[in-house]
Every structure is written in C-alpha cells, then in structure tokens.
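Undergrad: This is model24.cif (mmCIF, C-alpha atoms).
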```cif
data_my_file
loop_
_atom_site.group_PDB
_atom_site.id
_atom_site.type_symbol
_atom_site.label_atom_id
_atom_site.label_comp_id
_atom_site.auth_asym_id
_atom_site.auth_seq_id
_atom_site.Cartn_x
_atom_site.Cartn_y
_atom_site.Cartn_z
ATOM 1 C CA MET A 1 0.000 0.000 0.000
ATOM 2 C CA THR A 2 1.314 3.465 -0.865
ATOM 3 C CA ARG A 3 1.121 6.226 1.745
ATOM 4 C CA GLU A 4 -1.754 7.772 -0.211
ATOM 5 C CA GLU A 5 -3.671 4.473 -0.227
ATOM 6 C CA LYS A 6 -3.092 4.150 3.502
ATOM 7 C CA PHE A 7 -4.498 7.606 4.262
ATOM 8 C CA MET A 8 -7.459 6.992 1.961
ATOM 9 C CA GLN A 9 -8.122 3.758 3.817
ATOM 10 C CA GLU A 10 -8.404 5.810 7.035
ATOM 11 C CA ALA A 11 -11.017 8.049 5.384
ATOM 12 C CA ILE A 12 -12.955 4.990 4.189
ATOM 13 C CA VAL A 13 -12.878 3.448 7.680
ATOM 14 C CA LEU A 14 -14.356 6.709 9.046
ATOM 15 C CA SER A 15 -17.113 6.561 6.416
ATOM 16 C CA GLN A 16 -18.056 3.032 7.519
ATOM 17 C CA ASN A 17 -17.864 3.878 11.231
ATOM 18 C CA GLY A 18 -20.166 6.856 10.643
ATOM 19 C CA ILE A 19 -22.957 4.714 9.259
ATOM 20 C CA THR A 20 -22.412 1.895 11.746
ATOM 21 C CA GLN A 21 -22.861 4.424 14.570
ATOM 22 C CA ASN A 22 -25.825 6.139 12.820
ATOM 23 C CA ASP A 23 -23.968 9.463 12.802
ATOM 24 C CA GLY A 24 -25.008 10.356 9.261
ATOM 25 C CA GLY A 25 -24.268 9.572 5.609
ATOM 26 C CA PRO A 26 -21.478 7.252 4.321
ATOM 27 C CA PHE A 27 -18.658 9.774 4.054
ATOM 28 C CA GLY A 28 -15.273 10.078 5.774
ATOM 29 C CA CYS A 29 -12.299 12.424 5.468
ATOM 30 C CA VAL A 30 -8.813 12.870 6.903
ATOM 31 C CA ILE A 31 -6.468 15.852 6.598
ATOM 32 C CA VAL A 32 -2.738 15.078 6.444
ATOM 33 C CA LYS A 33 0.198 17.364 7.154
ATOM 34 C CA ASP A 34 3.822 16.194 6.986
ATOM 35 C CA ASP A 35 2.748 12.530 6.835
ATOM 36 C CA LYS A 36 0.582 12.821 9.949
ATOM 37 C CA ILE A 37 -3.211 12.881 10.207
ATOM 38 C CA VAL A 38 -4.110 16.263 11.744
ATOM 39 C CA GLY A 39 -7.891 16.198 11.257
ATOM 40 C CA ARG A 40 -10.630 13.596 10.952
ATOM 41 C CA GLY A 41 -14.301 13.760 10.109
ATOM 42 C CA SER A 42 -17.315 11.745 9.147
ATOM 43 C CA ASN A 43 -20.739 12.973 8.113
ATOM 44 C CA THR A 44 -22.868 13.851 11.159
ATOM 45 C CA VAL A 45 -25.690 15.801 9.450
ATOM 46 C CA THR A 46 -28.591 13.863 10.906
ATOM 47 C CA SER A 47 -27.171 13.105 14.354
ATOM 48 C CA SER A 48 -25.982 16.666 15.037
ATOM 49 C CA ASN A 49 -28.840 18.499 13.247
ATOM 50 C CA ASP A 50 -26.274 20.314 11.131
ATOM 51 C CA PRO A 51 -26.664 20.291 7.333
ATOM 52 C CA THR A 52 -23.095 21.608 7.024
ATOM 53 C CA ALA A 53 -21.574 18.662 8.960
ATOM 54 C CA HIS A 54 -20.218 16.851 5.911
ATOM 55 C CA ALA A 55 -17.079 14.761 6.435
ATOM 56 C CA GLU A 56 -14.787 17.321 4.780
ATOM 57 C CA ILE A 57 -16.202 20.275 6.759
ATOM 58 C CA VAL A 58 -15.894 18.323 10.024
ATOM 59 C CA ALA A 59 -12.310 17.285 9.165
ATOM 60 C CA ILE A 60 -11.265 20.801 8.094
ATOM 61 C CA ARG A 61 -12.661 22.287 11.305
ATOM 62 C CA ASP A 62 -10.913 19.572 13.323
ATOM 63 C CA ALA A 63 -7.567 20.110 11.561
ATOM 64 C CA CYS A 64 -7.740 23.894 11.940
ATOM 65 C CA LYS A 65 -8.568 23.531 15.623
ATOM 66 C CA ASN A 66 -5.673 21.106 16.138
ATOM 67 C CA LEU A 67 -3.220 23.264 14.186
ATOM 68 C CA GLY A 68 -4.467 26.598 15.604
ATOM 69 C CA THR A 69 -4.881 28.130 12.150
ATOM 70 C CA PHE A 70 -7.619 29.084 9.677
ATOM 71 C CA GLN A 71 -5.638 27.860 6.670
ATOM 72 C CA LEU A 72 -4.426 24.389 5.714
ATOM 73 C CA GLU A 73 -1.458 25.300 3.529
ATOM 74 C CA GLY A 74 0.687 22.299 2.653
ATOM 75 C CA CYS A 75 -2.011 19.850 3.769
ATOM 76 C CA GLU A 76 -3.549 16.947 1.855
ATOM 77 C CA VAL A 77 -7.283 16.166 1.933
ATOM 78 C CA TYR A 78 -8.313 12.499 1.671
ATOM 79 C CA THR A 79 -12.067 12.132 1.243
ATOM 80 C CA SER A 80 -14.016 8.931 0.624
ATOM 81 C CA CYS A 81 -16.152 10.748 -1.976
ATOM 82 C CA GLU A 82 -15.678 13.595 -4.439
ATOM 83 C CA PRO A 83 -16.515 16.767 -2.449
ATOM 84 C CA CYS A 84 -19.907 18.408 -2.976
ATOM 85 C CA PRO A 85 -19.826 22.125 -3.934
ATOM 86 C CA MET A 86 -20.151 23.202 -0.287
ATOM 87 C CA CYS A 87 -17.149 21.090 0.707
ATOM 88 C CA LEU A 88 -15.159 22.033 -2.381
ATOM 89 C CA GLY A 89 -15.784 25.678 -1.495
ATOM 90 C CA ALA A 90 -14.594 25.022 2.057
ATOM 91 C CA ILE A 91 -11.486 23.324 0.667
ATOM 92 C CA TYR A 92 -10.700 26.376 -1.481
ATOM 93 C CA TRP A 93 -11.061 28.688 1.533
ATOM 94 C CA ALA A 94 -8.779 26.393 3.578
ATOM 95 C CA ARG A 95 -6.220 26.161 0.737
ATOM 96 C CA PRO A 96 -4.717 22.657 1.085
ATOM 97 C CA LYS A 97 -2.276 21.596 -1.640
ATOM 98 C CA ILE A 98 -4.069 18.511 -2.981
ATOM 99 C CA ILE A 99 -7.289 16.491 -2.760
ATOM 100 C CA TYR A 100 -7.592 12.702 -3.032
ATOM 101 C CA PHE A 101 -11.118 11.321 -3.515
ATOM 102 C CA ALA A 102 -12.500 7.776 -3.897
ATOM 103 C CA ASN A 103 -16.199 7.586 -4.838
ATOM 104 C CA THR A 104 -17.407 10.014 -7.505
ATOM 105 C CA ARG A 105 -20.356 12.423 -7.520
ATOM 106 C CA GLN A 106 -22.121 9.930 -9.817
ATOM 107 C CA ASP A 107 -21.596 7.169 -7.231
ATOM 108 C CA ALA A 108 -23.134 9.534 -4.632
ATOM 109 C CA ALA A 109 -26.112 10.279 -6.895
ATOM 110 C CA ASN A 110 -26.639 6.521 -7.339
ATOM 111 C CA ILE A 111 -27.263 6.136 -3.592
ATOM 112 C CA GLY A 112 -29.460 9.243 -3.336
ATOM 113 C CA PHE A 113 -27.077 12.151 -2.637
ATOM 114 C CA ASP A 114 -27.705 14.657 -5.369
ATOM 115 C CA ASP A 115 -24.532 16.716 -5.397
ATOM 116 C CA SER A 116 -24.870 16.954 -9.187
ATOM 117 C CA MET A 117 -27.996 19.102 -8.861
ATOM 118 C CA ILE A 118 -26.131 21.507 -6.561
ATOM 119 C CA TYR A 119 -23.166 21.653 -8.983
ATOM 120 C CA ASP A 120 -25.613 22.634 -11.743
ATOM 121 C CA GLU A 121 -27.341 25.239 -9.563
ATOM 122 C CA ILE A 122 -24.095 26.935 -8.515
ATOM 123 C CA SER A 123 -22.974 27.215 -12.122
ATOM 124 C CA ALA A 124 -26.361 28.628 -13.194
ATOM 125 C CA ALA A 125 -27.182 32.345 -13.387
ATOM 126 C CA ILE A 126 -28.871 33.592 -10.209
ATOM 127 C CA CYS A 127 -32.170 34.163 -12.040
ATOM 128 C CA ASP A 128 -32.224 30.549 -13.308
ATOM 129 C CA ARG A 129 -31.796 28.812 -9.943
ATOM 130 C CA LYS A 130 -34.388 26.726 -8.098
ATOM 131 C CA ILE A 131 -34.067 28.749 -4.866
ATOM 132 C CA PRO A 132 -34.929 32.359 -5.755
ATOM 133 C CA ALA A 133 -32.377 35.009 -4.748
ATOM 134 C CA ILE A 134 -33.535 38.613 -4.394
ATOM 135 C CA HIS A 135 -31.140 41.577 -4.421
ATOM 136 C CA LEU A 136 -31.987 43.973 -1.577
ATOM 137 C CA GLY A 137 -30.318 46.586 0.645
ATOM 138 C CA ARG A 138 -26.965 46.961 -1.131
ATOM 139 C CA GLU A 139 -26.605 50.666 -0.290
ATOM 140 C CA GLU A 140 -26.542 50.034 3.483
ATOM 141 C CA ALA A 141 -24.471 46.834 3.260
ATOM 142 C CA LEU A 142 -21.847 48.493 1.094
ATOM 143 C CA LYS A 143 -21.106 50.978 3.896
ATOM 144 C CA VAL A 144 -19.860 48.056 6.023
ATOM 145 C CA PHE A 145 -17.610 46.867 3.179
ATOM 146 C CA ILE A 146 -16.108 50.374 3.018
ATOM 147 C CA ASN A 147 -15.637 50.343 6.803
ATOM 148 C CA TRP A 148 -13.776 47.018 6.383
ATOM 149 C CA LYS A 149 -11.621 48.435 3.588
ATOM 150 C CA ASN A 150 -10.659 51.387 5.810
ATOM 151 C CA LYS A 151 -10.137 49.329 8.969
ATOM 152 C CA THR A 152 -6.491 49.364 10.010
ATOM 153 C CA ASP A 153 -6.428 46.539 12.590
ATOM 154 C CA LYS A 154 -8.076 43.792 10.533
ATOM 155 C CA THR A 155 -6.879 40.199 10.106
ATOM 156 C CA LEU A 156 -6.916 39.270 6.407
ATOM 157 C CA TYR A 157 -7.718 35.786 5.153
ATOM 158 C CA MET B 1 -39.397 49.773 5.733
ATOM 159 C CA THR B 2 -40.793 46.462 4.411
ATOM 160 C CA ARG B 3 -40.424 43.307 6.501
ATOM 161 C CA GLU B 4 -37.711 42.129 4.098
ATOM 162 C CA GLU B 5 -35.773 45.400 4.482
ATOM 163 C CA LYS B 6 -36.074 45.092 8.265
ATOM 164 C CA PHE B 7 -34.632 41.563 8.319
ATOM 165 C CA MET B 8 -31.858 42.567 5.922
ATOM 166 C CA GLN B 9 -31.037 45.466 8.237
ATOM 167 C CA GLU B 10 -30.513 42.905 11.031
ATOM 168 C CA ALA B 11 -28.055 40.984 8.839
ATOM 169 C CA ILE B 12 -26.190 44.212 8.020
ATOM 170 C CA VAL B 13 -25.982 45.156 11.721
ATOM 171 C CA LEU B 14 -24.429 41.720 12.398
ATOM 172 C CA SER B 15 -21.882 42.321 9.620
ATOM 173 C CA GLN B 16 -20.826 45.625 11.222
ATOM 174 C CA ASN B 17 -20.738 44.178 14.749
ATOM 175 C CA GLY B 18 -18.507 41.363 13.498
ATOM 176 C CA ILE B 19 -15.822 43.711 12.263
ATOM 177 C CA THR B 20 -16.153 46.072 15.217
ATOM 178 C CA GLN B 21 -15.499 43.108 17.555
ATOM 179 C CA ASN B 22 -12.696 41.720 15.308
ATOM 180 C CA ASP B 23 -14.568 38.440 14.883
ATOM 181 C CA GLY B 24 -13.823 38.158 11.169
ATOM 182 C CA GLY B 25 -14.834 39.546 7.765
ATOM 183 C CA PRO B 26 -17.710 42.009 7.104
ATOM 184 C CA PHE B 27 -20.556 39.558 6.638
ATOM 185 C CA GLY B 28 -23.802 38.946 8.541
ATOM 186 C CA CYS B 29 -26.792 36.666 8.086
ATOM 187 C CA VAL B 30 -30.164 35.969 9.686
ATOM 188 C CA ILE B 31 -32.552 33.054 9.077
ATOM 189 C CA VAL B 32 -36.280 33.820 9.346
ATOM 190 C CA LYS B 33 -39.153 31.427 9.887
ATOM 191 C CA ASP B 34 -42.787 32.593 10.185
ATOM 192 C CA ASP B 35 -41.697 36.231 10.574
ATOM 193 C CA LYS B 36 -39.276 35.448 13.423
ATOM 194 C CA ILE B 37 -35.488 35.366 13.379
ATOM 195 C CA VAL B 38 -34.512 31.776 14.246
ATOM 196 C CA GLY B 39 -30.759 31.940 13.493
ATOM 197 C CA ARG B 40 -28.051 34.586 13.413
ATOM 198 C CA GLY B 41 -24.451 34.599 12.261
ATOM 199 C CA SER B 42 -21.510 36.748 11.415
ATOM 200 C CA ASN B 43 -18.184 35.746 9.925
ATOM 201 C CA THR B 44 -15.825 34.384 12.614
ATOM 202 C CA VAL B 45 -13.166 32.762 10.388
ATOM 203 C CA THR B 46 -10.145 34.445 11.920
ATOM 204 C CA SER B 47 -11.292 34.621 15.546
ATOM 205 C CA SER B 48 -12.441 30.977 15.711
ATOM 206 C CA ASN B 49 -9.757 29.497 13.422
ATOM 207 C CA ASP B 50 -12.468 28.029 11.235
ATOM 208 C CA PRO B 51 -12.378 28.685 7.477
ATOM 209 C CA THR B 52 -15.979 27.424 7.242
ATOM 210 C CA ALA B 53 -17.319 29.989 9.742
ATOM 211 C CA HIS B 54 -18.892 32.278 7.158
ATOM 212 C CA ALA B 55 -21.972 34.233 8.270
ATOM 213 C CA GLU B 56 -24.408 31.970 6.390
ATOM 214 C CA ILE B 57 -22.872 28.740 7.736
ATOM 215 C CA VAL B 58 -22.896 30.113 11.291
ATOM 216 C CA ALA B 59 -26.538 31.260 10.896
ATOM 217 C CA ILE B 60 -27.682 27.954 9.338
ATOM 218 C CA ARG B 61 -26.046 25.967 12.139
ATOM 219 C CA ASP B 62 -27.615 28.293 14.721
ATOM 220 C CA ALA B 63 -31.093 28.041 13.160
ATOM 221 C CA CYS B 64 -30.915 24.229 12.884
ATOM 222 C CA LYS B 65 -29.796 23.986 16.505
ATOM 223 C CA ASN B 66 -32.628 26.277 17.636
ATOM 224 C CA LEU B 67 -35.237 24.457 15.541
ATOM 225 C CA GLY B 68 -33.900 20.945 16.282
ATOM 226 C CA THR B 69 -33.774 20.008 12.601
ATOM 227 C CA PHE B 70 -31.249 19.492 9.809
ATOM 228 C CA GLN B 71 -33.450 21.180 7.196
ATOM 229 C CA LEU B 72 -34.718 24.763 6.937
ATOM 230 C CA GLU B 73 -37.850 24.208 4.864
ATOM 231 C CA GLY B 74 -40.044 27.310 4.676
ATOM 232 C CA CYS B 75 -37.243 29.560 5.974
ATOM 233 C CA GLU B 76 -35.841 32.756 4.456
ATOM 234 C CA VAL B 77 -32.101 33.526 4.380
ATOM 235 C CA TYR B 78 -31.064 37.196 4.651
ATOM 236 C CA THR B 79 -27.369 37.655 3.996
ATOM 237 C CA SER B 80 -25.449 40.922 3.767
ATOM 238 C CA CYS B 81 -23.520 39.581 0.744
ATOM 239 C CA GLU B 82 -24.215 37.172 -2.109
ATOM 240 C CA PRO B 83 -23.259 33.733 -0.753
ATOM 241 C CA CYS B 84 -19.919 32.218 -1.808
ATOM 242 C CA PRO B 85 -20.094 28.709 -3.370
ATOM 243 C CA MET B 86 -19.494 27.040 0.004
ATOM 244 C CA CYS B 87 -22.396 28.935 1.574
ATOM 245 C CA LEU B 88 -24.633 28.508 -1.460
ATOM 246 C CA GLY B 89 -23.964 24.768 -1.264
ATOM 247 C CA ALA B 90 -24.872 24.810 2.433
ATOM 248 C CA ILE B 91 -28.072 26.701 1.606
ATOM 249 C CA TYR B 92 -29.035 24.049 -0.961
ATOM 250 C CA TRP B 93 -28.456 21.265 1.583
ATOM 251 C CA ALA B 94 -30.558 23.176 4.162
ATOM 252 C CA ARG B 95 -33.338 23.862 1.602
ATOM 253 C CA PRO B 96 -34.773 27.250 2.658
ATOM 254 C CA LYS B 97 -37.412 28.744 0.348
ATOM 255 C CA ILE B 98 -35.706 32.017 -0.596
ATOM 256 C CA ILE B 99 -32.475 33.995 -0.290
ATOM 257 C CA TYR B 100 -32.158 37.774 0.047
ATOM 258 C CA PHE B 101 -28.668 39.237 -0.466
ATOM 259 C CA ALA B 102 -27.300 42.812 -0.365
ATOM 260 C CA ASN B 103 -23.689 43.183 -1.551
ATOM 261 C CA THR B 104 -22.699 41.234 -4.672
ATOM 262 C CA ARG B 105 -19.768 38.873 -5.315
ATOM 263 C CA GLN B 106 -18.170 41.733 -7.288
ATOM 264 C CA ASP B 107 -18.471 44.029 -4.250
ATOM 265 C CA ALA B 108 -16.765 41.268 -2.214
ATOM 266 C CA ALA B 109 -13.970 40.941 -4.793
ATOM 267 C CA ASN B 110 -13.447 44.721 -4.639
ATOM 268 C CA ILE B 111 -12.536 44.478 -0.939
ATOM 269 C CA GLY B 112 -10.340 41.393 -1.377
ATOM 270 C CA PHE B 113 -12.685 38.392 -0.994
ATOM 271 C CA ASP B 114 -12.281 36.380 -4.139
ATOM 272 C CA ASP B 115 -15.463 34.342 -4.272
ATOM 273 C CA SER B 116 -15.430 34.732 -8.051
ATOM 274 C CA MET B 117 -12.312 32.580 -8.338
ATOM 275 C CA ILE B 118 -14.014 29.812 -6.341
ATOM 276 C CA TYR B 119 -17.154 30.049 -8.516
ATOM 277 C CA ASP B 120 -14.930 29.560 -11.579
ATOM 278 C CA GLU B 121 -13.060 26.634 -10.013
ATOM 279 C CA ILE B 122 -16.226 24.767 -9.008
ATOM 280 C CA SER B 123 -17.627 25.084 -12.515
ATOM 281 C CA ALA B 124 -14.341 23.894 -14.064
ATOM 282 C CA ALA B 125 -13.568 20.282 -14.938
ATOM 283 C CA ILE B 126 -11.636 18.518 -12.158
ATOM 284 C CA CYS B 127 -8.493 18.294 -14.320
ATOM 285 C CA ASP B 128 -8.516 22.060 -14.962
ATOM 286 C CA ARG B 129 -8.670 23.205 -11.325
ATOM 287 C CA LYS B 130 -5.923 24.969 -9.346
ATOM 288 C CA ILE B 131 -6.005 22.434 -6.496
ATOM 289 C CA PRO B 132 -5.243 19.017 -8.035
ATOM 290 C CA ALA B 133 -7.735 16.232 -7.295
ATOM 291 C CA ILE B 134 -6.576 12.625 -7.631
ATOM 292 C CA HIS B 135 -8.975 9.693 -7.973
ATOM 293 C CA LEU B 136 -7.927 6.870 -5.641
ATOM 294 C CA GLY B 137 -9.435 3.904 -3.765
ATOM 295 C CA ARG B 138 -12.896 3.810 -5.325
ATOM 296 C CA GLU B 139 -13.216 0.017 -5.081
ATOM 297 C CA GLU B 140 -12.989 0.016 -1.266
ATOM 298 C CA ALA B 141 -15.053 3.189 -0.793
ATOM 299 C CA LEU B 142 -17.856 1.889 -2.999
ATOM 300 C CA LYS B 143 -18.386 -1.019 -0.595
ATOM 301 C CA VAL B 144 -19.443 1.487 2.078
ATOM 302 C CA PHE B 145 -21.895 3.125 -0.341
ATOM 303 C CA ILE B 146 -23.428 -0.316 -0.975
ATOM 304 C CA ASN B 147 -23.598 -0.917 2.785
ATOM 305 C CA TRP B 148 -25.467 2.414 3.073
ATOM 306 C CA LYS B 149 -27.845 1.474 0.262
ATOM 307 C CA ASN B 150 -28.645 -1.814 2.017
ATOM 308 C CA LYS B 151 -28.898 -0.314 5.510
ATOM 309 C CA THR B 152 -32.462 -0.576 6.810
ATOM 310 C CA ASP B 153 -32.311 1.801 9.824
ATOM 311 C CA LYS B 154 -30.811 4.863 8.128
ATOM 312 C CA THR B 155 -32.012 8.468 8.412
ATOM 313 C CA LEU B 156 -32.257 9.990 4.931
ATOM 314 C CA TYR B 157 -31.552 13.662 4.230
#
```
Output the file's structure in the form of structure tokens.

TA:
Amino acid sequence: MTREEKFMQEAIVLSQNGITQNDGGPFGCVIVKDDKIVGRGSNTVTSSNDPTAHAEIVAIRDACKNLGTFQLEGCEVYTSCEPCPMCLGAIYWARPKIIYFANTRQDAANIGFDDSMIYDEISAAICDRKIPAIHLGREEALKVFINWKNKTDKTLY
Amino acid sequence: MTREEKFMQEAIVLSQNGITQNDGGPFGCVIVKDDKIVGRGSNTVTSSNDPTAHAEIVAIRDACKNLGTFQLEGCEVYTSCEPCPMCLGAIYWARPKIIYFANTRQDAANIGFDDSMIYDEISAAICDRKIPAIHLGREEALKVFINWKNKTDKTLY
C-alpha cells in the first residue's frame, strides 16, 4: 500500500464507522500534514442536526482547531467521496495543496445524494436557480464593506 | 421599511458588529421562519480558526440547533452579501425557500474576498482546477456506499 492508499483507507474506515454508529451519511475524510493525520471527520448531518456537517467540513474544522490556524497550507485532503460544492468551497477557503477522492459524484447520486444538482445550480445564473435570490439593501451593506476596507487593525484571510 | 428590508437590516448590523469586535470579515446573516429570526451569524473565520465559519454557515447551524432540525424548509435567508459557493452549497443542503442578499460577489472581490475565483473553479472540470484532485481507492469506498444502500435503519436527508 502506498502512503496515499493508507491515508485513503483511514477516510474509508471513518465513512463506515459513521454509518455503523448512525452518525449520518457514508462519508469520511482525513487531513494530512507532513505525513501525519491532523484532522478527521465523518458525516454527522442527521445526528448533530447540522446540514453543514459533511465529512470534509468536520475534518477541516478539526484540523484547523488542532493546528491553531484558519488555513491548511501544505495539507492533503483524503475524502471517501468527491466533495460536494459546499465542501469544495470550504477546501478552497482552507487552501490545502491537494485532494484525493475515492467515490465520484455519480456514485453519490446513485445512492441518493444529489450533489450533481447543486453543482448545476451553482454554475447557473442567479435568475435561473431553483431557490430564488432577491437583491436587496446593497446601499446600506456596502457601507460596512467600506468600513472594512478602511479598517487598520483587521486580520486578512 | 418592508419586513424584508427590516430583516436585511438585522443581517447588516451583524456584519458591522462582526468587524467592530474583530470576529472576522464584514458579513452577517439571519434566518427567518414565520416572521421570526430563528438563526443569526456573522463571519468568525479568523477569531475561531475556522475557514468554514462564514456568516451563512454560522446562521444555518444556529437556526438548525434552535429548531432541532437538519433542514430549513419554509425559511428565508437574509445575507449581507451574495453567498460564496461554500455557503450557497450549504443553503441548498438546508433547503430554505428564498435567499435575500445585499452586496454582490463583485463588491466582495473589490474588498479582497475572491469568491469569483471559487465560482470559476467549481464550474471547471476537475483536471482544470488549481487544487489538483486525484482519484484513488474507489473500489474500497464503494463497498461502504453499498452498505449504506442496504442499511435498513438509516435516516435519509
């Protein structure tokens, strides 16, 4: 087994443990830095009443907590399934160097997880999406953006 | 002021409070159900070392906790800025009925938050993305998906 296969195996074990324990859907993820696992997660959506508690989000939050940082530069993400758009977005904000994934979004769709629909929606123009989005209150909100721009003691990310 | 303008004002106040308190970036969000605010959030990425702690994610988690559910059917999302792909994905998983947003992704880019890049990456083919994604270990991972499919006591979402 290569090191990559070994780390992926850890993610797959988490995905099985998650469903055995009725924590949520069949997804697991580990975050690796310098050949060590620094974060672990499995899907806990239904057990924690948190629709954002996908394996990757849980693992990213765990890794960041353990490392005391809000970025995962130099880290590797091993996930038992191709990330959904929410998780892929989270991965981009966390900025790891590489993603390894096992099952595909089509495999997920085949067992009832419709990531593909969300991929299509995110790529669609706002006016063509299934959840309507209404533009409102920009004038007031923009003042806060300008306050941020002018703020001298801010932490950038 | 309409009811929608009033709720958006609440989201904008949260966005300002967040930067005043140095919690994170200039973003706020409220979730409304039956004319009542059931969840609130502001960006706490840098203060909580959590790259997923965007205003919408924080508000969705808060609303789900308060309502004791992992879905936000019938709810309205008021966010001070157009959701990034991560947050839009989270919104689709939570399934509210409508989104109201104030600042746009271009406004966010103008003050240094490059959601646009992430929108482009998510729409791109896997092989064309900036963070490489390697397919690995599908055979083992697929067994867990089949176990999920055959599981009789699962909670669907």

Undergrad: Select, as a tab-separated table (two decimals) with C-alpha atoms, in the frame of the given file, those residues of chain B with any atom no more than 7 Å from chain A (distances computed using only C-alpha atoms).

TA:
```
chain	number	residue	atom	x	y	z
B	5	GLU	CA	-35.77	45.40	4.48
B	8	MET	CA	-31.86	42.57	5.92
B	12	ILE	CA	-26.19	44.21	8.02
B	16	GLN	CA	-20.83	45.62	11.22
B	22	ASN	CA	-12.70	41.72	15.31
B	26	PRO	CA	-17.71	42.01	7.10
B	45	VAL	CA	-13.17	32.76	10.39
B	46	THR	CA	-10.14	34.44	11.92
B	49	ASN	CA	-9.76	29.50	13.42
B	50	ASP	CA	-12.47	28.03	11.24
B	51	PRO	CA	-12.38	28.68	7.48
B	52	THR	CA	-15.98	27.42	7.24
B	61	ARG	CA	-26.05	25.97	12.14
B	64	CYS	CA	-30.92	24.23	12.88
B	65	LYS	CA	-29.80	23.99	16.50
B	68	GLY	CA	-33.90	20.94	16.28
B	69	THR	CA	-33.77	20.01	12.60
B	70	PHE	CA	-31.25	19.49	9.81
B	71	GLN	CA	-33.45	21.18	7.20
B	80	SER	CA	-25.45	40.92	3.77
B	85	PRO	CA	-20.09	28.71	-3.37
B	86	MET	CA	-19.49	27.04	0.00
B	87	CYS	CA	-22.40	28.94	1.57
B	89	GLY	CA	-23.96	24.77	-1.26
B	90	ALA	CA	-24.87	24.81	2.43
B	92	TYR	CA	-29.04	24.05	-0.96
B	93	TRP	CA	-28.46	21.26	1.58
B	94	ALA	CA	-30.56	23.18	4.16
B	97	LYS	CA	-37.41	28.74	0.35
B	98	ILE	CA	-35.71	32.02	-0.60
B	99	ILE	CA	-32.48	33.99	-0.29
B	100	TYR	CA	-32.16	37.77	0.05
B	101	PHE	CA	-28.67	39.24	-0.47
B	102	ALA	CA	-27.30	42.81	-0.36
B	103	ASN	CA	-23.69	43.18	-1.55
B	111	ILE	CA	-12.54	44.48	-0.94
B	118	ILE	CA	-14.01	29.81	-6.34
B	122	ILE	CA	-16.23	24.77	-9.01
B	123	SER	CA	-17.63	25.08	-12.52
B	131	ILE	CA	-6.00	22.43	-6.50
B	132	PRO	CA	-5.24	19.02	-8.04
B	133	ALA	CA	-7.74	16.23	-7.30
B	134	ILE	CA	-6.58	12.62	-7.63
B	135	HIS	CA	-8.98	9.69	-7.97
B	136	LEU	CA	-7.93	6.87	-5.64
B	137	GLY	CA	-9.44	3.90	-3.76
B	138	ARG	CA	-12.90	3.81	-5.32
B	141	ALA	CA	-15.05	3.19	-0.79
B	142	LEU	CA	-17.86	1.89	-3.00
B	144	VAL	CA	-19.44	1.49	2.08
B	145	PHE	CA	-21.90	3.12	-0.34
B	148	TRP	CA	-25.47	2.41	3.07
B	149	LYS	CA	-27.84	1.47	0.26
B	154	LYS	CA	-30.81	4.86	8.13
B	155	THR	CA	-32.01	8.47	8.41
```

Undergrad: Rounded to one decimal, what separation in Å do you get between CA of Gly39 (chain B) and CA of Glu10 (chain B)?

TA: 11.2 Å

Undergrad: In Å, how far is it from CA of Asp128 (chain A) to CA of Lys33 (chain B)?

TA: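 Computing the Euclidean distance for CA of Asp128 (chain A) and CA of Lys33 (chain B) yields 24.2 Å.
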
Undergrad: Using 8 Å of padding on each side, determine the axis-aligned box around all atoms of region 101-111 of chain A present in the file and give its centre and edge lengths in Å to one decimal, as AutoDock Vina command-line options.

TA:
```
--center_x -19.2 --center_y 9.3 --center_z -6.7 --size_x 32.1 --size_y 22.3 --size_z 22.3
```

Undergrad: One decimal, Å: what's the distance from CA of Gly74 (chain B) over to CA of Asp35 (chain B), could you say?

TA: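 If I compute the distance from CA of Gly74 (chain B) to CA of Asp35 (chain B), I get 10.8 Å.
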
Undergrad: Would you mind telling me which residue in A:Cys127, A:Thr152, A:Cys75, A:Pro83 lies nearest to Asp34 (chain A) when using only C-alpha atoms?

TA: A:Cys75

Undergrad: For each of B:Arg129, B:Gln106, B:Gly41, B:Glu76, take the minimum atom-to-atom distance to Gly18 (chain B), counting only C-alpha atoms, then give the residue where this is smallest.

TA: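 Selected residue with least distance to Gly18 (chain B): B:Gly41.
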
Undergrad: Given the choices B:Ala55, B:Thr2, B:Ile31, B:Ile37, which gets closest to Leu14 (chain B) if the distance is worked out from only C-alpha atoms?

TA: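 So, comparing all the options, the nearest one is B:Ala55.
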